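Here is the file input-v3.txt (compact mmCIF, C-alpha atoms).
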# COMPACT_ATOMS: atom_id res chain seq x y z
CA MET A 1 1.62 -6.00 3.85
CA SER A 2 4.65 -7.49 5.61
CA ASP A 3 2.83 -8.75 8.69
CA ALA A 4 -0.43 -10.02 7.27
CA GLN A 5 -0.84 -13.55 8.60
CA PRO A 6 -0.87 -14.84 12.18
CA PRO A 7 0.30 -18.36 12.98
CA ALA A 8 -2.11 -21.17 12.10
CA LYS A 9 -3.65 -23.23 14.88
CA GLY A 10 -3.86 -27.01 15.20
CA ALA A 11 -0.54 -28.06 13.68
CA HIS A 12 -0.01 -31.82 13.24
CA PRO A 13 3.17 -33.79 13.96
CA GLY A 14 5.76 -33.23 11.26
CA PRO A 15 8.09 -35.66 9.55
CA ALA A 16 11.05 -37.09 11.42
CA GLY A 17 14.53 -36.39 10.16
CA VAL A 18 14.10 -32.77 9.03
CA GLU A 19 16.68 -30.44 10.53
CA LEU A 20 17.15 -26.69 10.16
CA VAL A 21 20.57 -25.16 10.82
CA LEU A 22 20.41 -21.45 11.63
CA SER A 23 23.47 -19.28 11.05
CA ARG A 24 24.50 -15.66 10.72
CA ASP A 25 27.75 -14.34 9.25
CA GLY A 26 28.95 -17.93 8.79
CA ALA A 27 28.57 -18.82 12.47
CA GLU A 28 26.11 -21.56 13.41
CA LEU A 29 23.61 -20.29 16.00
CA ARG A 30 21.47 -23.37 16.58
CA ARG A 31 19.87 -26.48 15.12
CA LEU A 32 16.15 -27.09 15.14
CA ARG A 33 14.15 -30.27 14.47
CA PRO A 34 10.57 -29.23 13.71
CA GLU A 35 7.98 -31.15 15.71
CA SER A 36 4.86 -30.04 13.87
CA ALA A 37 3.62 -29.99 10.29
CA GLU A 38 3.92 -26.21 10.18
CA LEU A 39 6.68 -23.89 11.32
CA LEU A 40 6.35 -20.12 11.30
CA ILE A 41 9.48 -17.97 10.97
CA GLY A 42 9.52 -14.31 12.01
CA ARG A 43 9.94 -11.69 14.74
CA GLN A 44 6.60 -12.33 16.47
CA ALA A 45 6.74 -14.07 19.86
CA GLY A 46 4.50 -16.94 18.64
CA CYS A 47 6.86 -17.98 15.83
CA ALA A 48 8.52 -21.40 16.19
CA LEU A 49 11.73 -19.90 14.77
CA ARG A 50 11.94 -16.39 16.15
CA LEU A 51 14.40 -14.11 14.39
CA GLU A 52 14.78 -10.70 15.96
CA HIS A 53 16.06 -8.30 13.34
CA ALA A 54 14.63 -5.22 11.62
CA ALA A 55 14.84 -6.95 8.20
CA VAL A 56 12.55 -9.77 9.42
CA SER A 57 8.77 -9.35 9.29
CA ARG A 58 6.61 -10.37 12.25
CA TRP A 59 5.34 -13.37 10.25
CA HIS A 60 8.00 -13.65 7.57
CA ALA A 61 7.77 -17.18 6.17
CA ARG A 62 6.04 -20.49 6.80
CA LEU A 63 7.33 -24.04 6.36
CA ARG A 64 4.76 -26.76 5.67
CA LEU A 65 6.25 -30.17 6.42
CA GLY A 66 4.83 -33.33 4.88
CA ALA A 67 5.88 -35.67 2.07
CA GLU A 68 7.26 -32.45 0.59
CA VAL A 69 8.54 -29.49 2.58
CA VAL A 70 7.20 -26.23 1.19
CA LEU A 71 8.48 -22.78 2.13
CA GLU A 72 6.01 -19.90 1.67
CA ASP A 73 6.89 -16.23 2.03
CA GLN A 74 4.17 -14.51 4.06
CA HIS A 75 4.18 -11.27 2.04
CA SER A 76 7.27 -10.13 3.90
CA ARG A 77 8.61 -6.69 3.17
CA ASN A 78 12.18 -7.81 2.43
CA GLY A 79 11.45 -11.17 0.83
CA THR A 80 12.66 -14.73 1.25
CA ARG A 81 15.39 -16.30 -0.87
CA VAL A 82 16.24 -19.94 -1.53
CA ASN A 83 19.70 -20.59 -2.93
CA GLY A 84 19.96 -16.91 -3.90
CA THR A 85 16.63 -16.66 -5.75
CA ARG A 86 13.77 -14.64 -4.28
CA VAL A 87 10.68 -16.87 -3.98
CA THR A 88 7.09 -16.68 -2.80
CA ARG A 89 6.71 -20.47 -2.63
CA CYS A 90 9.30 -23.22 -3.01
CA THR A 91 9.53 -26.98 -2.42
CA LEU A 92 12.74 -27.56 -0.46
CA VAL A 93 15.26 -30.34 -0.99
CA ASP A 94 18.19 -31.47 1.15
CA GLY A 95 20.91 -28.83 1.30
CA ASP A 96 18.79 -25.81 0.27
CA GLU A 97 19.73 -22.50 1.91
CA ILE A 98 16.97 -20.11 2.96
CA ALA A 99 18.00 -16.46 3.39
CA ILE A 100 15.93 -14.16 5.58
CA GLY A 101 17.68 -10.87 6.30
CA PRO A 102 21.16 -11.55 7.70
CA PHE A 103 20.23 -15.12 8.66
CA ARG A 104 20.73 -18.34 6.73
CA ILE A 105 18.76 -21.50 7.37
CA ARG A 106 20.15 -24.71 5.88
CA PHE A 107 17.44 -27.32 5.21
CA LEU A 108 18.62 -30.88 5.88
CA ARG A 109 16.69 -34.07 5.20
CA PRO A 110 19.00 -37.10 5.32
CA ALA A 111 18.86 -39.84 2.69
CA GLY A 112 16.22 -42.43 3.45
CA GLU A 113 13.73 -39.87 4.77
CA PRO A 114 10.63 -39.03 2.73
CA ALA A 115 11.63 -36.27 0.34
CA ALA A 116 10.52 -34.23 -2.60
CA ALA A 117 12.12 -34.92 -5.97
CA GLN A 118 15.79 -33.99 -5.76
CA GLN A 119 17.18 -31.18 -7.88
CA ASP A 120 20.07 -31.70 -10.27
CA ALA A 121 22.68 -29.74 -8.33
CA PRO A 122 22.88 -28.13 -4.90
CA GLY A 123 22.79 -24.36 -4.91
CA THR A 124 20.03 -24.00 -7.49
CA PRO A 125 16.36 -23.34 -6.76
CA ALA A 126 14.11 -26.38 -6.60
CA PRO A 127 12.17 -26.95 -9.85
CA SER A 128 8.94 -25.97 -8.12
CA ALA A 129 10.29 -22.62 -6.93
CA VAL A 130 8.03 -19.75 -7.86
CA PRO A 131 10.10 -16.57 -8.16
CA ALA A 132 8.56 -13.53 -6.49
CA GLY A 133 6.47 -11.48 -8.86
CA SER A 134 5.95 -14.30 -11.35
CA GLU A 135 2.36 -15.08 -10.33
CA PRO A 136 -0.39 -13.10 -12.04
CA GLY A 137 -1.08 -9.95 -10.04
CA ALA A 138 1.95 -10.40 -7.79
CA PRO A 139 3.98 -7.30 -6.91
CA ALA A 140 7.36 -6.88 -8.55
CA PRO A 141 10.32 -7.94 -6.39
CA ALA A 142 11.67 -5.15 -4.23
CA ALA A 143 15.29 -4.10 -4.60
CA THR A 144 15.99 -4.62 -0.92
CA THR A 145 17.99 -7.13 1.04
CA PRO A 146 16.00 -10.20 2.20
CA GLY A 147 15.62 -10.61 5.92
CA PRO A 148 15.46 -13.69 8.16
CA GLY A 149 16.78 -13.49 11.66
CA ALA A 150 17.04 -15.60 14.74
CA ALA A 151 16.77 -14.16 18.18
CA LEU A 152 20.14 -12.47 18.10
CA PRO A 153 21.53 -9.28 19.62
CA GLY A 154 18.95 -8.17 22.09
CA GLY A 155 17.58 -11.72 22.30
CA GLU A 156 20.59 -13.78 21.30
CA GLN A 157 20.39 -17.55 21.60
CA PRO A 158 23.64 -19.49 21.33
CA ALA A 159 23.99 -22.61 19.18
CA GLY A 160 22.33 -25.67 20.65
CA GLU A 161 19.67 -23.77 22.59
CA ALA A 162 16.06 -24.86 22.24
CA ALA A 163 13.75 -22.85 20.00
CA ALA A 164 11.47 -20.30 21.62
Now, as a test, write the supplied structure out as structure tokens.
Amino acid sequence: MSDAQPPAKGAHPGPAGVELVLSRDGAELRRLRPESAELLIGRQAGCALRLEHAAVSRWHARLRLGAEVVLEDQHSRNGTRVNGTRVTRCTLVDGDEIAIGPFRIRFLRPAGEPAAAQQDAPGTPAPSAVPAGSEPGAPAPAATTPGPGAALPGGEQPAGEAAA
């Protein structure tokens, strides 16, 4: 269940101005500016943001970048959280924090860039967030720690290094 979907083919150029800041334990590891309309996050070698950690599924989450930026959990075993809330699908806004395992990914989209409707206050899930288990037939949220990771110990990439 946790590794169900391979990366999609034929991605289109993504929006300018979107930046992802990857960190772990409060230390910034690197910054990434997506260059396509889709970005896959996980342990698998083909992922645009590769996070090597046992709490991260091979294909953990997917970002779809357009007028809105949508994060979709890919049926990961440990889940994906946005601003502390476990989600299966969520429209991101500037300042949102994605948690995947021990990793944090800060979503940045500067003012003046195309953006989804802004939320009232930073640190709360976007209005379109769909909590895990809230869709009909969806499994109940697991009581485990979420798990994103970025090629760290055993494949560590220091801050500022290009994405694999």
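Interatomic distance, CA of Ala99 (chain A) against CA of Val18 (chain A): 17.7 Å.
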Quick one: of A:Arg33, A:Arg62, A:Arg104, A:Arg50, who's nearest to Gly84 (chain A), counting all atoms listed in the file?
A:Arg104
What is the distance, in Å and to one decimal place, between CA of Val69 (chain A) and CA of Ala54 (chain A)?
26.6 Å
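Only residues having an atom at most 8 Å from (25.0, -27.3, 12.5) are included; using all atoms listed in the file, these are Val21, Leu22, Glu28, Leu29, Arg30 and Arg31 of chain A.
Distance-wise, CA of Leu51 (chain A) and CA of Cys90 (chain A) end up 20.3 Å apart.
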For Leu39 (chain A), list every protein, DNA or RNA residue within 8 Å, evaluated using all atoms listed in the file, and leave out those in the same chain fewer than 2 positions away; present the list as a ChimeraX atom specification.
/A:34,36-37,41,47-49,62-65
Residues from last step as file, C-alpha atoms, as a compact mmCIF listing (two decimals), in the coordinates of the input:
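Written output follows (result29.txt):
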# COMPACT_ATOMS: atom_id res chain seq x y z
CA PRO A 34 10.57 -29.23 13.71
CA SER A 36 4.86 -30.04 13.87
CA ALA A 37 3.62 -29.99 10.29
CA ILE A 41 9.48 -17.97 10.97
CA CYS A 47 6.86 -17.98 15.83
CA ALA A 48 8.52 -21.40 16.19
CA LEU A 49 11.73 -19.90 14.77
CA ARG A 62 6.04 -20.49 6.80
CA LEU A 63 7.33 -24.04 6.36
CA ARG A 64 4.76 -26.76 5.67
CA LEU A 65 6.25 -30.17 6.42
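Residue nearest Leu71 (chain A), chosen from A:Arg89, A:Ala45, A:Phe103, A:Glu52 and counting all atoms listed in the file: A:Arg89.
Restricting the calculation to all atoms listed in the file, the smallest distance between Ile98 (chain A) and any of A:Gln74, A:Leu40, A:Ala61, A:Glu35 is found for A:Ala61.
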